[in-house]
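Just entry_16.cif here, mmCIF, C-alpha atoms:
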```
data_start
#
loop_
_atom_site.label_atom_id
_atom_site.label_comp_id
_atom_site.auth_asym_id
_atom_site.auth_seq_id
_atom_site.Cartn_x
_atom_site.Cartn_y
_atom_site.Cartn_z
CA MET K 201 0.00 0.00 0.00
CA THR K 202 3.01 2.34 -0.10
CA ASP K 203 4.65 3.94 -3.11
CA GLY K 204 7.63 2.29 -4.67
CA PRO K 205 11.01 3.78 -4.01
CA GLY K 206 11.24 5.32 -7.50
CA HIS K 207 7.92 7.16 -7.17
CA ARG K 208 8.77 9.59 -4.37
CA PRO K 209 11.45 11.63 -6.18
CA ARG K 210 9.13 12.08 -9.15
CA LEU K 211 6.45 13.47 -6.87
CA SER K 212 8.89 15.80 -5.18
CA THR K 213 10.05 17.12 -8.49
CA ALA K 214 6.48 17.66 -9.57
CA ALA K 215 5.78 19.41 -6.28
CA LEU K 216 8.64 21.81 -6.93
CA LEU K 217 7.80 22.37 -10.55
CA ALA K 218 4.15 23.14 -10.00
CA PRO K 219 4.68 26.33 -7.95
CA ALA K 220 7.41 27.45 -10.30
CA ALA K 221 5.12 26.99 -13.27
CA ALA K 222 2.37 28.83 -11.47
CA ALA K 223 4.73 31.68 -10.72
CA VAL K 224 5.83 31.94 -14.34
CA LEU K 225 2.20 31.89 -15.46
CA ALA K 226 1.25 34.54 -12.92
CA GLY K 227 4.16 36.66 -14.03
CA SER K 228 3.10 36.33 -17.64
CA LEU K 229 -0.47 37.24 -16.81
CA SER K 230 0.68 40.21 -14.83
CA TRP K 231 2.85 41.40 -17.67
CA ALA K 232 0.07 40.82 -20.18
CA ALA K 233 -2.34 42.84 -18.12
CA GLY K 234 0.01 45.79 -18.23
CA HIS K 235 0.85 45.58 -21.93
CA PRO K 236 -1.70 45.64 -24.72
CA PRO K 237 -1.19 42.93 -27.30
CA ALA K 238 0.12 44.04 -30.64
CA GLY K 239 -2.63 44.77 -33.09
CA ALA K 240 -5.34 44.89 -30.46
CA PRO K 241 -8.36 46.93 -31.60
CA LEU K 242 -7.61 49.94 -29.42
CA THR K 243 -9.73 52.27 -31.46
CA LYS K 244 -12.87 50.26 -30.84
CA SER K 245 -12.54 50.34 -27.07
CA ALA K 246 -11.60 54.01 -27.18
CA VAL K 247 -14.77 54.82 -29.11
CA THR K 248 -16.91 52.82 -26.73
CA ALA K 249 -15.44 54.51 -23.68
CA SER K 250 -15.60 58.02 -25.03
CA PRO K 251 -18.02 59.92 -22.79
CA THR K 252 -20.65 62.29 -24.02
CA PRO K 253 -20.50 65.94 -22.96
CA GLY K 254 -23.30 65.24 -20.48
CA GLN K 255 -21.35 62.39 -18.95
CA VAL K 256 -18.29 64.57 -18.69
CA ASP K 257 -20.29 67.23 -16.90
CA ALA K 258 -21.78 64.65 -14.53
CA GLU K 259 -18.38 63.18 -13.82
CA ARG K 260 -16.93 66.63 -13.26
CA ALA K 261 -19.77 67.47 -10.86
CA ARG K 262 -19.23 64.21 -9.00
CA GLN K 263 -15.53 64.89 -8.67
CA SER K 264 -16.25 68.40 -7.54
CA ARG K 265 -18.56 67.06 -4.82
CA ASP K 266 -15.93 64.55 -3.78
CA LEU K 267 -13.36 67.31 -3.60
CA GLN K 268 -15.66 69.45 -1.48
CA ARG K 269 -16.28 66.53 0.84
CA LEU K 270 -12.59 65.88 1.19
CA ARG K 271 -11.96 69.55 1.91
CA GLU K 272 -14.58 69.47 4.66
CA GLN K 273 -13.09 66.29 6.04
CA VAL K 274 -9.64 67.86 6.12
CA GLN K 275 -11.08 70.89 7.87
CA SER K 276 -12.78 68.66 10.42
CA LEU K 277 -9.63 66.60 10.99
CA ARG K 278 -7.57 69.76 11.42
CA ALA K 279 -10.02 70.95 14.05
CA GLU K 280 -9.77 67.63 15.81
CA LEU K 281 -6.00 67.74 15.71
CA LYS K 282 -6.08 71.19 17.22
CA ASP K 283 -8.34 69.89 19.98
CA LEU K 284 -5.95 67.05 20.71
CA LYS K 285 -3.00 69.44 20.88
CA ASN K 286 -4.96 71.67 23.24
CA ALA K 287 -5.77 68.68 25.38
CA GLU K 288 -2.08 67.77 25.62
CA ASN K 289 -1.08 71.31 26.51
CA ASN K 290 -3.95 71.94 28.88
CA PRO K 291 -5.27 68.82 30.59
CA HIS K 292 -7.48 70.95 32.90
CA PRO K 293 -8.89 73.64 30.63
CA SER K 294 -10.24 76.79 32.12
CA GLY K 295 -13.64 76.14 30.61
CA THR K 296 -14.63 73.53 33.17
CA ARG K 297 -18.34 73.70 33.57
CA GLY K 298 -20.85 72.54 36.09
CA SER K 299 -21.52 73.88 39.52
CA ASN K 300 -22.35 70.83 41.53
CA ALA K 301 -20.72 67.52 42.17
CA THR K 302 -23.10 65.52 40.01
CA SER K 303 -22.72 67.54 36.88
CA ARG K 304 -19.04 68.24 37.38
CA ALA K 305 -18.34 64.56 37.04
CA THR K 306 -19.85 64.54 33.60
CA THR K 307 -19.00 67.98 32.25
CA ASP K 308 -16.51 69.35 29.82
CA PRO K 309 -15.82 66.27 27.78
CA LYS K 310 -13.69 68.14 25.27
CA PRO K 311 -11.27 71.01 25.65
CA ALA K 312 -12.33 74.32 24.24
CA ARG K 313 -11.33 75.87 20.94
CA THR K 314 -12.33 79.45 20.68
CA THR K 315 -14.43 78.98 17.54
CA PRO K 316 -16.87 76.16 16.90
CA PRO K 317 -16.20 73.74 14.08
CA PRO K 318 -18.45 74.11 11.05
CA VAL K 319 -21.83 72.47 11.62
CA HIS K 320 -24.33 70.87 9.29
CA ALA K 321 -27.35 71.92 11.36
CA THR K 322 -28.27 73.62 14.58
CA THR K 323 -30.69 72.35 17.16
CA GLY K 324 -32.25 74.93 19.37
CA ALA K 325 -35.53 76.45 20.27
CA SER K 326 -38.39 74.05 19.79
CA MET W 226 -45.54 74.01 13.42
CA ALA W 227 -44.27 77.57 13.29
CA SER W 228 -40.82 76.22 12.50
CA ARG W 229 -38.57 76.31 9.49
CA ILE W 230 -38.06 72.77 8.21
CA THR W 231 -34.91 71.63 6.46
CA LEU W 232 -34.67 68.38 4.50
CA ARG W 233 -31.33 67.34 3.03
CA VAL W 234 -30.32 64.16 1.23
CA VAL W 235 -26.68 63.16 0.80
CA ASP W 236 -25.72 61.36 -2.41
CA PRO W 237 -29.31 61.39 -3.66
CA GLY W 238 -30.52 58.32 -5.49
CA PRO W 239 -33.06 58.19 -8.30
CA THR W 240 -36.00 58.25 -5.88
CA ALA W 241 -34.74 61.19 -3.82
CA GLY W 242 -37.13 63.69 -5.36
CA ASP W 243 -40.17 61.57 -4.60
CA ALA W 244 -38.90 60.79 -1.11
CA LEU W 245 -38.38 64.48 -0.34
CA ALA W 246 -41.87 65.27 -1.55
CA ALA W 247 -43.25 62.47 0.65
CA ALA W 248 -41.32 63.79 3.65
CA ARG W 249 -42.69 67.27 3.03
CA ARG W 250 -46.22 65.88 2.91
CA VAL W 251 -45.63 64.15 6.26
CA PHE W 252 -45.10 67.52 7.93
CA GLU W 253 -48.18 68.94 6.26
CA ARG W 254 -50.34 66.01 7.40
CA VAL W 255 -49.07 66.08 10.98
CA GLU W 256 -49.57 69.84 11.13
CA ALA W 257 -53.11 69.54 9.81
CA ALA W 258 -53.99 66.72 12.18
CA CYS W 259 -52.37 67.97 15.38
CA THR W 260 -52.51 71.75 15.32
CA ARG W 261 -54.30 73.46 18.19
CA PHE W 262 -54.60 76.74 16.33
CA ASP W 263 -57.33 75.45 14.02
CA PRO W 264 -60.62 74.68 15.80
CA GLN W 265 -61.54 72.31 12.96
CA SER W 266 -58.39 70.19 13.22
CA PRO W 267 -58.93 66.57 14.30
CA LEU W 268 -57.15 67.29 17.57
CA MET W 269 -59.29 70.30 18.41
CA ARG W 270 -62.49 68.48 17.51
CA ALA W 271 -61.47 65.76 19.95
CA ASN W 272 -60.57 68.43 22.50
CA ALA W 273 -63.97 70.02 22.07
CA ASP W 274 -65.86 66.85 23.02
CA ARG W 275 -63.56 64.88 25.24
CA THR W 276 -65.96 62.22 26.44
CA ALA W 277 -66.80 61.03 22.93
CA TRP W 278 -64.76 58.77 20.69
CA HIS W 279 -63.34 60.42 17.57
CA ALA W 280 -62.01 58.68 14.50
CA VAL W 281 -58.94 60.66 13.57
CA PRO W 282 -56.24 60.59 10.88
CA GLU W 283 -53.34 58.25 11.48
CA GLU W 284 -50.99 61.11 12.39
CA CYS W 285 -53.29 62.37 15.15
CA TYR W 286 -53.84 58.86 16.49
CA LEU W 287 -50.11 58.15 16.55
CA ALA W 288 -49.38 61.45 18.30
CA VAL W 289 -51.94 60.79 21.05
CA ALA W 290 -50.72 57.21 21.47
CA GLU W 291 -47.13 58.40 21.61
CA ALA W 292 -48.06 61.07 24.15
CA ALA W 293 -49.77 58.47 26.35
CA ARG W 294 -46.73 56.21 26.16
CA ALA W 295 -44.41 59.12 26.98
CA HIS W 296 -46.59 60.16 29.91
CA LEU W 297 -46.09 56.73 31.47
CA GLU W 298 -42.41 56.42 30.59
CA THR W 299 -41.52 59.78 32.14
CA GLY W 300 -43.55 59.21 35.27
CA GLY W 301 -45.85 62.09 34.36
CA LEU W 302 -43.11 64.67 33.63
CA PHE W 303 -44.36 64.67 30.08
CA ASP W 304 -48.03 65.63 30.23
CA PRO W 305 -49.93 66.99 27.23
CA ARG W 306 -52.78 68.24 29.44
CA VAL W 307 -51.35 71.73 29.49
CA LEU W 308 -53.45 73.35 26.80
CA ASP W 309 -55.67 75.32 29.16
CA THR W 310 -52.65 76.52 31.07
CA LEU W 311 -51.01 77.73 27.86
CA VAL W 312 -54.22 79.41 26.73
CA GLY W 313 -54.56 80.95 30.17
CA LEU W 314 -51.10 82.42 29.73
CA GLY W 315 -52.20 84.02 26.47
CA TYR W 316 -50.61 81.46 24.17
CA ASP W 317 -53.85 80.84 22.35
CA ARG W 318 -52.53 81.75 18.93
CA THR W 319 -49.21 81.78 17.08
CA LEU W 320 -47.30 84.55 18.85
CA PRO W 321 -44.49 86.63 17.28
CA PHE W 322 -42.00 85.56 19.91
CA ARG W 323 -38.92 86.85 18.14
CA SER W 324 -40.16 90.41 18.35
CA GLY W 325 -40.98 90.04 22.05
CA VAL W 326 -44.47 89.47 23.37
CA SER W 327 -45.92 91.23 26.38
CA LEU W 328 -49.50 90.47 27.44
CA THR W 329 -51.65 92.02 30.09
CA GLY W 330 -54.72 90.51 31.67
CA ALA W 331 -53.72 87.00 30.67
CA GLY W 332 -52.77 84.48 33.25
CA ARG W 333 -55.56 85.21 35.72
CA ALA W 334 -57.15 81.88 35.00
CA VAL W 335 -53.87 80.09 35.32
CA ALA W 336 -54.10 77.67 38.14
CA ALA W 337 -52.33 74.48 38.95
CA ARG W 338 -55.14 72.74 37.13
CA VAL W 339 -53.05 69.89 35.96
CA ALA W 340 -51.17 69.56 39.19
CA ALA W 341 -54.28 69.57 41.30
CA GLY W 342 -54.74 65.86 41.45
CA ALA W 343 -55.15 65.32 37.76
CA GLY W 344 -53.60 61.89 38.16
CA LEU W 345 -52.44 59.58 35.47
CA TRP W 346 -53.50 60.44 31.95
CA GLN W 347 -55.01 57.45 30.18
CA PRO W 348 -56.77 58.46 26.99
CA GLY W 349 -58.98 56.01 25.17
CA LEU W 350 -57.19 54.51 22.18
CA ASP W 351 -58.83 52.15 19.71
CA PRO W 352 -56.31 51.07 17.09
CA GLN W 353 -58.89 49.18 15.03
CA SER W 354 -60.99 52.21 14.28
CA ARG W 355 -58.09 54.61 14.92
CA SER W 356 -60.26 56.46 17.41
CA ILE W 357 -59.36 58.48 20.47
CA ARG W 358 -61.17 59.69 23.59
CA LEU W 359 -59.22 62.32 25.48
CA GLY W 360 -60.87 62.34 28.89
CA VAL W 361 -61.18 65.28 31.26
CA ASP W 362 -58.56 67.74 30.06
CA ARG W 363 -57.76 69.32 26.73
CA ILE W 364 -54.36 68.40 25.36
CA ASP W 365 -51.62 70.03 23.31
CA LEU W 366 -49.59 67.90 20.90
CA GLY W 367 -47.24 70.63 19.69
CA GLY W 368 -43.87 69.22 20.68
CA ILE W 369 -44.56 65.53 20.32
CA GLY W 370 -46.31 66.13 17.01
CA LYS W 371 -43.12 67.64 15.64
CA GLY W 372 -41.04 64.75 16.96
CA LEU W 373 -43.46 62.33 15.36
CA ALA W 374 -43.33 64.21 12.06
CA VAL W 375 -39.54 63.97 12.06
CA ARG W 376 -39.78 60.24 12.78
CA LEU W 377 -42.18 59.68 9.87
CA ALA W 378 -40.20 61.93 7.54
CA ALA W 379 -37.05 59.98 8.37
CA ARG W 380 -38.80 56.82 7.25
CA ALA W 381 -39.80 58.50 4.02
CA LEU W 382 -36.18 59.46 3.36
CA ALA W 383 -34.67 56.16 4.46
CA ARG W 384 -33.81 55.03 0.94
CA ALA W 385 -33.50 58.41 -0.73
CA GLY W 386 -29.72 58.34 -0.88
CA GLY W 387 -26.57 57.90 1.16
CA GLY W 388 -27.98 59.69 4.18
CA HIS W 389 -30.16 62.58 5.22
CA LEU W 390 -30.72 65.40 7.64
CA ILE W 391 -34.09 66.61 8.84
CA GLU W 392 -34.25 69.70 11.01
CA ALA W 393 -37.50 71.13 12.28
CA GLY W 394 -37.14 73.77 14.95
CA GLY W 395 -35.18 71.86 17.53
CA ASP W 396 -36.08 68.35 16.39
CA CYS W 397 -33.60 66.66 14.08
CA HIS W 398 -32.88 63.30 12.55
CA VAL W 399 -29.69 62.37 10.75
CA ALA W 400 -28.93 59.19 8.81
CA GLY W 401 -25.61 58.04 7.48
CA SER W 402 -22.25 59.46 8.31
CA GLY W 403 -22.79 62.93 6.92
CA PRO W 404 -21.68 64.75 3.77
CA ASP W 405 -17.97 64.37 4.52
CA GLY W 406 -18.16 60.87 5.97
CA GLY W 407 -17.06 61.98 9.41
CA GLY W 408 -20.52 62.17 11.02
CA TRP W 409 -23.08 64.96 11.18
CA ARG W 410 -21.97 67.96 13.18
CA ILE W 411 -24.91 69.45 15.04
CA GLY W 412 -24.58 72.77 16.81
CA ILE W 413 -26.46 73.34 20.05
CA GLU W 414 -27.99 76.79 19.90
CA ASP W 415 -27.06 79.21 22.66
CA PRO W 416 -30.27 79.49 24.72
CA THR W 417 -29.24 82.94 25.95
CA GLY W 418 -29.43 84.26 22.39
CA GLY W 419 -25.76 84.30 21.42
CA PRO W 420 -24.96 83.80 17.74
CA GLU W 421 -22.55 80.91 18.24
CA PRO W 422 -23.52 77.45 19.47
CA VAL W 423 -22.67 76.52 23.04
CA ALA W 424 -21.57 73.06 21.93
CA VAL W 425 -21.19 70.92 18.84
CA LEU W 426 -22.07 67.23 18.61
CA ARG W 427 -20.92 64.69 16.08
CA VAL W 428 -23.56 62.04 15.50
CA ALA W 429 -24.80 59.48 12.98
CA ASP W 430 -28.12 57.67 12.58
CA THR W 431 -29.96 59.31 15.43
CA GLY W 432 -32.70 61.67 16.39
CA CYS W 433 -31.75 64.80 18.30
CA ALA W 434 -34.12 67.16 20.09
CA THR W 435 -33.61 70.35 22.03
CA SER W 436 -36.11 71.95 24.36
CA SER W 437 -35.21 75.52 25.05
CA LEU W 438 -36.60 78.69 26.55
CA ARG W 439 -34.90 80.82 23.91
CA VAL W 440 -37.84 81.52 21.66
CA ARG W 441 -41.23 80.67 23.10
CA SER W 442 -41.01 82.95 26.10
CA TRP W 443 -43.11 86.02 26.75
CA GLN W 444 -44.22 88.41 29.44
CA VAL W 445 -47.56 88.23 31.23
CA ASP W 446 -48.27 91.24 33.41
CA GLY W 447 -44.55 91.83 33.66
CA ARG W 448 -43.78 88.23 34.61
CA ARG W 449 -41.70 86.06 32.30
CA VAL W 450 -43.38 82.82 31.28
CA HIS W 451 -42.65 80.19 28.67
CA HIS W 452 -44.32 77.30 26.90
CA LEU W 453 -42.79 74.39 28.83
CA ILE W 454 -45.32 73.81 31.55
CA ASP W 455 -44.41 71.82 34.64
CA PRO W 456 -47.39 69.50 35.20
CA ARG W 457 -46.56 69.34 38.90
CA THR W 458 -47.19 73.06 39.37
CA GLY W 459 -49.26 74.06 36.34
CA ARG W 460 -46.78 76.87 35.69
CA SER W 461 -43.84 77.44 33.38
CA ALA W 462 -41.01 75.18 34.49
CA GLN W 463 -38.53 76.90 36.76
CA GLY W 464 -35.92 74.26 37.26
CA GLY W 465 -32.91 76.41 36.53
CA LEU W 466 -32.28 75.06 33.04
CA LEU W 467 -32.37 77.04 29.80
CA SER W 468 -32.12 74.18 27.37
CA VAL W 469 -31.78 70.41 27.21
CA THR W 470 -30.69 68.35 24.21
CA VAL W 471 -31.28 64.60 24.02
CA LEU W 472 -30.26 62.00 21.45
CA ASP W 473 -32.35 58.95 20.68
CA THR W 474 -32.80 56.81 17.61
CA ASP W 475 -36.46 57.83 17.74
CA PRO W 476 -36.85 61.60 17.27
CA ALA W 477 -40.20 61.56 19.10
CA ARG W 478 -38.60 59.99 22.18
CA ALA W 479 -35.74 62.48 22.00
CA GLU W 480 -38.34 65.25 21.99
CA VAL W 481 -40.17 63.75 24.96
CA TRP W 482 -37.06 63.43 27.08
CA SER W 483 -35.58 66.80 26.22
CA LYS W 484 -38.77 68.41 27.46
CA SER W 485 -39.11 66.12 30.48
CA LEU W 486 -35.53 66.64 31.62
CA LEU W 487 -35.89 70.38 31.32
CA ILE W 488 -39.02 70.22 33.46
CA ALA W 489 -37.28 67.90 35.94
CA GLY W 490 -34.82 70.71 36.51
CA GLN W 491 -31.22 71.14 37.46
CA GLY W 492 -31.51 69.23 40.69
CA ARG W 493 -32.70 66.03 39.05
CA ILE W 494 -31.44 66.04 35.50
CA ALA W 495 -28.04 64.40 36.01
CA ALA W 496 -29.45 61.51 38.03
CA LEU W 497 -32.43 61.04 35.74
CA ALA W 498 -30.31 61.05 32.57
CA ALA W 499 -27.87 58.62 34.17
CA ARG W 500 -30.60 56.26 35.33
CA ARG W 501 -32.21 56.26 31.90
CA ARG W 502 -28.82 56.14 30.14
CA LEU W 503 -29.90 59.11 28.09
CA PRO W 504 -27.37 61.02 26.02
CA ALA W 505 -28.22 64.52 27.29
CA LEU W 506 -26.62 67.96 27.27
CA TRP W 507 -28.02 70.84 29.27
CA VAL W 508 -27.39 74.53 29.77
CA ASP W 509 -28.25 76.11 33.09
CA GLU W 510 -29.27 79.66 33.88
CA ASP W 511 -25.64 80.67 34.31
CA ARG W 512 -25.01 79.35 30.78
CA ARG W 513 -22.96 76.48 32.07
CA VAL W 514 -22.93 73.38 29.90
CA ALA W 515 -23.07 69.88 31.35
CA VAL W 516 -23.50 66.49 29.74
CA SER W 517 -24.46 62.99 30.77
CA THR W 518 -21.97 60.17 30.46
CA ALA W 519 -23.85 58.74 27.49
CA MET W 520 -23.53 62.06 25.65
CA GLU W 521 -19.81 62.54 26.21
CA PRO W 522 -18.57 60.60 23.14
CA CYS W 523 -20.70 62.78 20.88
CA VAL W 524 -19.47 66.18 22.10
CA ILE W 525 -16.64 67.52 19.94
CA TRP W 526 -16.68 71.13 21.04
CA VAL W 527 -17.90 73.24 23.96
CA ALA W 528 -17.80 77.02 23.98
CA PRO W 529 -14.92 78.14 26.17
CA ASP W 530 -17.05 80.85 27.74
CA ALA W 531 -20.00 78.57 28.50
CA GLY W 532 -19.47 78.67 32.21
#
```

Could you write out this structure as structure tokens?
Amino acid sequence: MTDGPGHRPRLSTAALLAPAAAAVLAGSLSWAAGHPPAGAPLTKSAVTASPTPGQVDAERARQSRDLQRLREQVQSLRAELKDLKNAENNPHPSGTRGSNATSRATTDPKPARTTPPPVHATTGAS
Amino acid sequence: MASRITLRVVDPGPTAGDALAAARRVFERVEAACTRFDPQSPLMRANADRTAWHAVPEECYLAVAEAARAHLETGGLFDPRVLDTLVGLGYDRTLPFRSGVSLTGAGRAVAARVAAGAGLWQPGLDPQSRSIRLGVDRIDLGGIGKGLAVRLAARALARAGGGHLIEAGGDCHVAGSGPDGGGWRIGIEDPTGGPEPVAVLRVADTGCATSSLRVRSWQVDGRRVHHLIDPRTGRSAQGGLLSVTVLDTDPARAEVWSKSLLIAGQGRIAALAARRRLPALWVDEDRRVAVSTAMEPCVIWVAPDAG
């Protein structure tokens, strides 16, 4: 029920060759993906992908929105960073609020910047 | 509702237009069903004959049912049976609060009507016929109606896009992580009238309500009163708080608790918010800001001079 003595080396060789072949194939595929084959119908795909003016406008608008979002995110992150720096420099900020023991324990969760971060909405008088 | 309403959809999908229109109609329907300034509204018809059953529109039924539930949950701090007190104080019509209102002769009939042994409020509710029977006292659904409208509008906008914001005079709902992906930043209005917020929250997928004395306050015979009536005294709440903000996934519940905590007053608010695990932020009469433990993670900024 065991393999003959001559069978094991052949298997080992095959076991070594298989990964090597797979690596060569993967390398070839990778190269092929990055290089268009000679004579490939480039013009056809270019025509198909060519966007209409409306699509260009829509894409531009989408990118513009993305850019605006990213700008806001950067602004928000900068504000947060400033808060963190303030917290490091001033672990007991002067703006501690709350006059009694109960509320003091739960007040002033964040150190104070002088100006509020930009808000999306305000909740107030109902 | 005498409030400016803002509806905003982030990354709108193809159905956003229809969803926004549906959300707008929600506010119109709730207003029509629950207003106390129209004697022909379903609410006021039920108020006019309180011992009879009235079949009412869904929005009115839901508002009364929600008010009854809130009355029990808050141990009576939330009590809609304040209409006669408000009318007695002269708030019997939409008042131009922003320009300052001073009334004379009003308030004489103001008594601790509600406080005087009114007991538990248990209106008749028949879900099959969507009928209500209000009982002894007339009720006001102003605040809870708005919270309910925000809840229903949020449902209408649930699949309108990548997220939304609804803001209706102190009652908000936000869905998604905001326009910049970092959460919705909500400013808490300064209840003393300052132009800058006293705090800023960062939240996602939640309702947010603020009860405040900033706007609906007026003078009666030289005495300052406001619209948040303490059912224990039958008078404007005088608990030392100017505003309370509460977060809850349900905007109607946020509205209920913001009002109830403000009425509970400075002496009780911290313990009550802690016991209920409510994310709450409050501003006292000295403009000091305090928050409950559950609110702390949401606060990203507090005014340095709020204290």

Practice item. At a cut-off of 7 Å, list the chain W residues touching chain K, using only C-alpha atoms, as a VMD selection string. Key: chain W and resid 394 to 396 404 to 405 407 409 to 414 434 to 440 495 513 to 518 521 524 to 530 532

Selection: 12 Å around W:Glu256, all atoms listed in the file, excl. self and same-chain fewer than 6 positions, as a CSV table (one decimal) with C-alpha atoms, in the frame of the given file:
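As written to disk, out28.csv reads:
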```
chain,number,residue,atom,x,y,z
W,226,MET,CA,-45.5,74.0,13.4
W,227,ALA,CA,-44.3,77.6,13.3
W,228,SER,CA,-40.8,76.2,12.5
W,249,ARG,CA,-42.7,67.3,3.0
W,250,ARG,CA,-46.2,65.9,2.9
W,262,PHE,CA,-54.6,76.7,16.3
W,263,ASP,CA,-57.3,75.4,14.0
W,266,SER,CA,-58.4,70.2,13.2
W,267,PRO,CA,-58.9,66.6,14.3
W,268,LEU,CA,-57.2,67.3,17.6
W,282,PRO,CA,-56.2,60.6,10.9
W,284,GLU,CA,-51.0,61.1,12.4
W,285,CYS,CA,-53.3,62.4,15.2
W,288,ALA,CA,-49.4,61.4,18.3
W,366,LEU,CA,-49.6,67.9,20.9
W,367,GLY,CA,-47.2,70.6,19.7
W,368,GLY,CA,-43.9,69.2,20.7
W,369,ILE,CA,-44.6,65.5,20.3
W,370,GLY,CA,-46.3,66.1,17.0
W,371,LYS,CA,-43.1,67.6,15.6
W,372,GLY,CA,-41.0,64.8,17.0
W,373,LEU,CA,-43.5,62.3,15.4
W,374,ALA,CA,-43.3,64.2,12.1
W,375,VAL,CA,-39.5,64.0,12.1
```

Review point. Just how far from atom CA of W:Ala429 is atom CA of W:Leu377, in Å to one decimal?
Key: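 These two atoms are separated by 17.7 Å.
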
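Between atom CA of W:Glu421 and atom CA of W:Ser485 there is a distance of 25.4 Å.
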
Point to revise | Which of W:Ser483, W:Leu302, W:Ala248, W:Ser461 sits closest to W:Arg448 [using only C-alpha atoms] | key: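 Closest candidate: W:Ser461.
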
Exercise for review: Evaluate the PyMOL selection byres ((chain W and resi 468) around 6) on the structure here and hand back the selected residues as a ChimeraX atom specification.
Suggested key: /W:436-437,466-467,469,507-508

Check your understanding: What do you get, as an MDAnalysis selection string, if you spell out every residue that the PyMOL selection byres ((chain W and resi 383) around 12) selects here?
Key -> chainID W and resid 233:235 237:238 240:241 243:245 247:248 375:382 384:391 398:401 430

Point to revise | Which residue of W:Lys484, W:Arg275, W:Arg261, W:Arg229 approaches W:Asp304 most closely, using only C-alpha atoms | key: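 Residue with the minimum atom-to-atom distance to W:Asp304: W:Lys484.
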
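From atom CA of W:Arg500 back to atom CA of W:Arg294, the distance works out to 18.6 Å.
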
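Nearest residue to W:Ala424 among W:Leu232, W:Cys523, W:Leu297, W:Val307 is W:Cys523, counting only C-alpha atoms.
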
As a PDB file, in the coordinates of the input, please: stretch 448-461 of chain W completed to N, CA and C atoms.
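File written: out05.pdb
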```
ATOM      1  N   ARG W 448     -44.437  89.459  34.137  1.00  0.00           N
ATOM      2  CA  ARG W 448     -43.780  88.230  34.610  1.00  0.00           C
ATOM      3  C   ARG W 448     -43.390  87.384  33.405  1.00  0.00           C
ATOM      4  N   ARG W 449     -42.149  86.855  33.440  1.00  0.00           N
ATOM      5  CA  ARG W 449     -41.700  86.060  32.300  1.00  0.00           C
ATOM      6  C   ARG W 449     -42.267  84.644  32.405  1.00  0.00           C
ATOM      7  N   VAL W 450     -42.866  84.199  31.329  1.00  0.00           N
ATOM      8  CA  VAL W 450     -43.380  82.820  31.280  1.00  0.00           C
ATOM      9  C   VAL W 450     -42.878  82.175  29.987  1.00  0.00           C
ATOM     10  N   HIS W 451     -43.021  80.877  29.901  1.00  0.00           N
ATOM     11  CA  HIS W 451     -42.650  80.190  28.670  1.00  0.00           C
ATOM     12  C   HIS W 451     -43.569  78.982  28.470  1.00  0.00           C
ATOM     13  N   HIS W 452     -43.341  78.302  27.341  1.00  0.00           N
ATOM     14  CA  HIS W 452     -44.320  77.300  26.900  1.00  0.00           C
ATOM     15  C   HIS W 452     -44.113  75.922  27.522  1.00  0.00           C
ATOM     16  N   LEU W 453     -43.030  75.716  28.243  1.00  0.00           N
ATOM     17  CA  LEU W 453     -42.790  74.390  28.830  1.00  0.00           C
ATOM     18  C   LEU W 453     -43.376  74.350  30.231  1.00  0.00           C
ATOM     19  N   ILE W 454     -44.554  73.768  30.308  1.00  0.00           N
ATOM     20  CA  ILE W 454     -45.320  73.810  31.550  1.00  0.00           C
ATOM     21  C   ILE W 454     -44.970  72.608  32.426  1.00  0.00           C
ATOM     22  N   ASP W 455     -44.689  72.888  33.675  1.00  0.00           N
ATOM     23  CA  ASP W 455     -44.410  71.820  34.640  1.00  0.00           C
ATOM     24  C   ASP W 455     -45.755  71.281  35.129  1.00  0.00           C
ATOM     25  N   PRO W 456     -46.064  70.033  34.812  1.00  0.00           N
ATOM     26  CA  PRO W 456     -47.390  69.500  35.200  1.00  0.00           C
ATOM     27  C   PRO W 456     -47.546  69.385  36.713  1.00  0.00           C
ATOM     28  N   ARG W 457     -46.456  69.445  37.438  1.00  0.00           N
ATOM     29  CA  ARG W 457     -46.560  69.340  38.900  1.00  0.00           C
ATOM     30  C   ARG W 457     -47.034  70.647  39.518  1.00  0.00           C
ATOM     31  N   THR W 458     -46.809  71.758  38.819  1.00  0.00           N
ATOM     32  CA  THR W 458     -47.190  73.060  39.370  1.00  0.00           C
ATOM     33  C   THR W 458     -48.232  73.768  38.516  1.00  0.00           C
ATOM     34  N   GLY W 459     -48.347  73.364  37.249  1.00  0.00           N
ATOM     35  CA  GLY W 459     -49.260  74.060  36.340  1.00  0.00           C
ATOM     36  C   GLY W 459     -48.702  75.397  35.893  1.00  0.00           C
ATOM     37  N   ARG W 460     -47.413  75.610  36.097  1.00  0.00           N
ATOM     38  CA  ARG W 460     -46.780  76.870  35.690  1.00  0.00           C
ATOM     39  C   ARG W 460     -45.567  76.563  34.806  1.00  0.00           C
ATOM     40  N   SER W 461     -45.054  77.627  34.184  1.00  0.00           N
ATOM     41  CA  SER W 461     -43.840  77.440  33.380  1.00  0.00           C
ATOM     42  C   SER W 461     -42.742  76.843  34.261  1.00  0.00           C
TER      43      SER W 461
END
```
